[in-house]
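As provided, input33.pdb (PDB, C-alpha atoms and all ligand atoms) reads as follows.
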```pdb
ATOM      1  CA  MET A   1    -149.038 103.067  30.539  1.00  0.00           C
ATOM      2  CA  GLN A   2    -149.014 102.188  26.839  1.00  0.00           C
ATOM      3  CA  GLN A   3    -150.655 105.500  26.023  1.00  0.00           C
ATOM      4  CA  ARG A   4    -148.045 107.445  27.980  1.00  0.00           C
ATOM      5  CA  LEU A   5    -145.297 105.550  26.177  1.00  0.00           C
ATOM      6  CA  ASP A   6    -146.843 106.393  22.817  1.00  0.00           C
ATOM      7  CA  GLN A   7    -147.066 110.036  23.834  1.00  0.00           C
ATOM      8  CA  ALA A   8    -143.437 110.060  24.933  1.00  0.00           C
ATOM      9  CA  ARG A   9    -142.371 108.467  21.645  1.00  0.00           C
ATOM     10  CA  ALA A  10    -144.326 111.047  19.678  1.00  0.00           C
ATOM     11  CA  GLU A  11    -142.646 113.798  21.687  1.00  0.00           C
ATOM     12  CA  VAL A  12    -139.186 112.353  20.977  1.00  0.00           C
ATOM     13  CA  ALA A  13    -139.998 112.103  17.254  1.00  0.00           C
ATOM     14  CA  ARG A  14    -141.194 115.721  17.277  1.00  0.00           C
ATOM     15  CA  LEU A  15    -138.014 116.926  18.983  1.00  0.00           C
ATOM     16  CA  GLU A  16    -135.870 114.941  16.550  1.00  0.00           C
ATOM     17  CA  ARG A  17    -137.641 116.544  13.599  1.00  0.00           C
ATOM     18  CA  GLU A  18    -137.240 119.974  15.202  1.00  0.00           C
ATOM     19  CA  ILE A  19    -133.508 119.471  15.769  1.00  0.00           C
ATOM     20  CA  ALA A  20    -133.073 118.160  12.215  1.00  0.00           C
ATOM     21  CA  ALA A  21    -134.681 121.334  10.886  1.00  0.00           C
ATOM     22  CA  ALA A  22    -133.064 123.753  13.344  1.00  0.00           C
ATOM     23  CA  PRO A  23    -130.362 126.106  12.091  1.00  0.00           C
ATOM     24  CA  CYS A  24    -126.783 125.079  12.810  1.00  0.00           C
ATOM     25  CA  ALA A  25    -126.256 128.260  14.804  1.00  0.00           C
ATOM     26  CA  GLU A  26    -128.719 126.931  17.359  1.00  0.00           C
ATOM     27  CA  VAL A  27    -127.923 123.241  17.654  1.00  0.00           C
ATOM     28  CA  GLY A  28    -124.485 123.059  16.014  1.00  0.00           C
ATOM     29  CA  HIS A  29    -123.447 121.414  12.766  1.00  0.00           C
ATOM     30  CA  ARG A  30    -124.520 117.822  12.114  1.00  0.00           C
ATOM     31  CA  TRP A  31    -121.105 116.562  11.014  1.00  0.00           C
ATOM     32  CA  LYS A  32    -121.003 113.533   8.728  1.00  0.00           C
ATOM     33  CA  HIS A  33    -117.792 111.743   7.781  1.00  0.00           C
ATOM     34  CA  LEU A  34    -117.042 112.636   4.181  1.00  0.00           C
ATOM     35  CA  GLY A  35    -113.654 111.032   3.595  1.00  0.00           C
ATOM     36  CA  GLY A  36    -110.007 111.691   4.236  1.00  0.00           C
ATOM     37  CA  LYS A  37    -107.364 114.046   2.975  1.00  0.00           C
ATOM     38  CA  HIS A  38    -103.612 114.380   3.322  1.00  0.00           C
ATOM     39  CA  ALA A  39    -102.813 115.760   6.738  1.00  0.00           C
ATOM     40  CA  GLY A  40    -100.223 118.238   5.493  1.00  0.00           C
ATOM     41  CA  CYS A  41     -97.868 117.651   8.402  1.00  0.00           C
ATOM     42  CA  ALA A  42     -94.544 119.416   8.774  1.00  0.00           C
ATOM     43  CA  ASP A  43     -92.875 116.278   7.412  1.00  0.00           C
ATOM     44  CA  PRO A  44     -93.712 116.242   3.677  1.00  0.00           C
ATOM     45  CA  ASP A  45     -92.860 112.525   3.382  1.00  0.00           C
ATOM     46  CA  CYS A  46     -95.388 111.323   5.915  1.00  0.00           C
ATOM     47  CA  MET A  47     -98.484 109.486   4.791  1.00  0.00           C
ATOM     48  CA  CYS A  48    -100.903 110.782   7.415  1.00  0.00           C
ATOM     49  CA  SER A  49    -104.460 111.398   6.434  1.00  0.00           C
ATOM     50  CA  VAL A  50    -107.084 113.252   8.432  1.00  0.00           C
ATOM     51  CA  PRO A  51    -110.855 112.853   8.374  1.00  0.00           C
ATOM     52  CA  VAL A  52    -112.968 115.473   6.616  1.00  0.00           C
ATOM     53  CA  TYR A  53    -116.497 116.181   7.785  1.00  0.00           C
ATOM     54  CA  GLU A  54    -119.451 117.827   6.112  1.00  0.00           C
ATOM     55  CA  CYS A  55    -122.566 119.156   7.815  1.00  0.00           C
ATOM     56  CA  GLU A  56    -125.671 117.255   6.730  1.00  0.00           C
ATOM     57  CA  ALA A  57    -127.862 120.259   7.382  1.00  0.00           C
ATOM     58  CA  CYS A  58    -126.079 123.185   5.721  1.00  0.00           C
ATOM     59  CA  GLY A  59    -123.366 121.513   3.644  1.00  0.00           C
ATOM     60  CA  ASN A  60    -120.573 123.300   5.509  1.00  0.00           C
ATOM     61  CA  CYS A  61    -117.271 121.449   5.216  1.00  0.00           C
ATOM     62  CA  ASP A  62    -114.506 121.520   7.831  1.00  0.00           C
ATOM     63  CA  TYR A  63    -111.777 120.630   5.271  1.00  0.00           C
ATOM     64  CA  GLY A  64    -110.051 118.533   7.918  1.00  0.00           C
ATOM     65  CA  GLU A  65    -110.110 121.289  10.543  1.00  0.00           C
ATOM     66  CA  ASN A  66    -111.120 119.210  13.542  1.00  0.00           C
ATOM     67  CA  ASP A  67    -109.789 117.834  16.817  1.00  0.00           C
ATOM     68  CA  GLU A  68    -109.087 114.427  15.297  1.00  0.00           C
ATOM     69  CA  ALA A  69    -106.915 116.008  12.593  1.00  0.00           C
ATOM     70  CA  ARG A  70    -105.011 118.154  15.096  1.00  0.00           C
ATOM     71  CA  GLU A  71    -104.291 115.061  17.154  1.00  0.00           C
ATOM     72  CA  ILE A  72    -103.029 113.099  14.147  1.00  0.00           C
ATOM     73  CA  ILE A  73    -100.726 115.953  13.098  1.00  0.00           C
ATOM     74  CA  ALA A  74     -99.448 116.480  16.650  1.00  0.00           C
ATOM     75  CA  ARG A  75     -98.671 112.779  16.982  1.00  0.00           C
ATOM     76  CA  CYS A  76     -96.813 112.799  13.661  1.00  0.00           C
ATOM     77  CA  GLU A  77     -94.733 115.804  14.705  1.00  0.00           C
ATOM     78  CA  GLU A  78     -93.893 114.110  17.967  1.00  0.00           C
ATOM     79  CA  LYS A  79     -92.773 111.029  16.086  1.00  0.00           C
ATOM     80  CA  SER A  80     -90.548 112.919  13.636  1.00  0.00           C
ATOM     81  CA  ALA A  81     -89.092 115.001  16.504  1.00  0.00           C
ATOM     82  CA  ASN A  82     -88.086 111.795  18.262  1.00  0.00           C
ATOM     83  CA  GLY A  83     -86.313 110.251  15.505  1.00  0.00           C
TER      84      GLY A  83
HETATM   85 ZN    ZN B 101    -124.319 123.066   9.483  1.00  0.00          ZN
HETATM   86 ZN    ZN B 102     -97.840 113.197   9.273  1.00  0.00          ZN
END
```
Kindly transcribe the structure held in the file into structure tokens.
Ligand SMILES: [Zn+2]
Ligand SMILES: [Zn+2]
Amino acid sequence: MQQRLDQARAEVARLEREIAAAPCAEVGHRWKHLGGKHAGCADPDCMCSVPVYECEACGNCDYGENDEAREIIARCEEKSANG
């Protein structure tokens, strides 16, 4: 059993290395949280900030173009619409 476990672990390590080296087009970007930036909502006085992500593999940056940011901005607009 121990030998099979070792083999399985080696296989997992191999796949992890392969994915780490694979192009983003194949496995998708490996987004890493880089920091935050002003959300740029419709309301210029709001203090919202959205997360910015950078791909560890290719260095591509989303400049805050992500689902989390869209949600934050939508929530802010809802709030300012209500009052
Ligand atoms: Zn990438
Ligand atoms: Zn806002």
Name the residues, by chain letter and number, that sit within 9 Å of ligand ZN 101 (chain B) using all atoms listed in the file, and give them as JSON, numbers by chain. {"A": [23, 24, 25, 27, 28, 29, 30, 31, 54, 55, 56, 57, 58, 59, 60, 61]}
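Between atom CA of Asp67 of chain A and atom CA of Pro44 of chain A the separation is 20.8 Å.
Distance-wise, atom CA of Ala10 of chain A and atom CA of Glu26 of chain A end up 22.4 Å apart.
Counting all atoms listed in the file, the residue from A:Glu16, A:Ala69, A:Cys76, A:Gln3 that sits nearest to Asp45 of chain A is A:Cys76.
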For the provided coordinates, the residues matched by the PyMOL selection byres (((chain A and resi 51) around 9) and not hetatm) should be stated as a ChimeraX atom specification. /A:33-39,49-50,52-53,63-66,68-69
Determine the residue set returned by the PyMOL selection byres (((not hetatm)) within 6 of (chain B and resi 102)) for the present structure, and present it as a PyMOL selection string. chain A and resi 41+46-48+73+76
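Here atom CA of Met1 of chain A stands at a distance of 18.4 Å from atom CA of Ala13 of chain A.
Using all atoms listed in the file for every distance, the candidate list A:Val12, A:Ala22, A:Ala81, A:Ile72 yields A:Ile72 as the residue closest to Gly40 of chain A.
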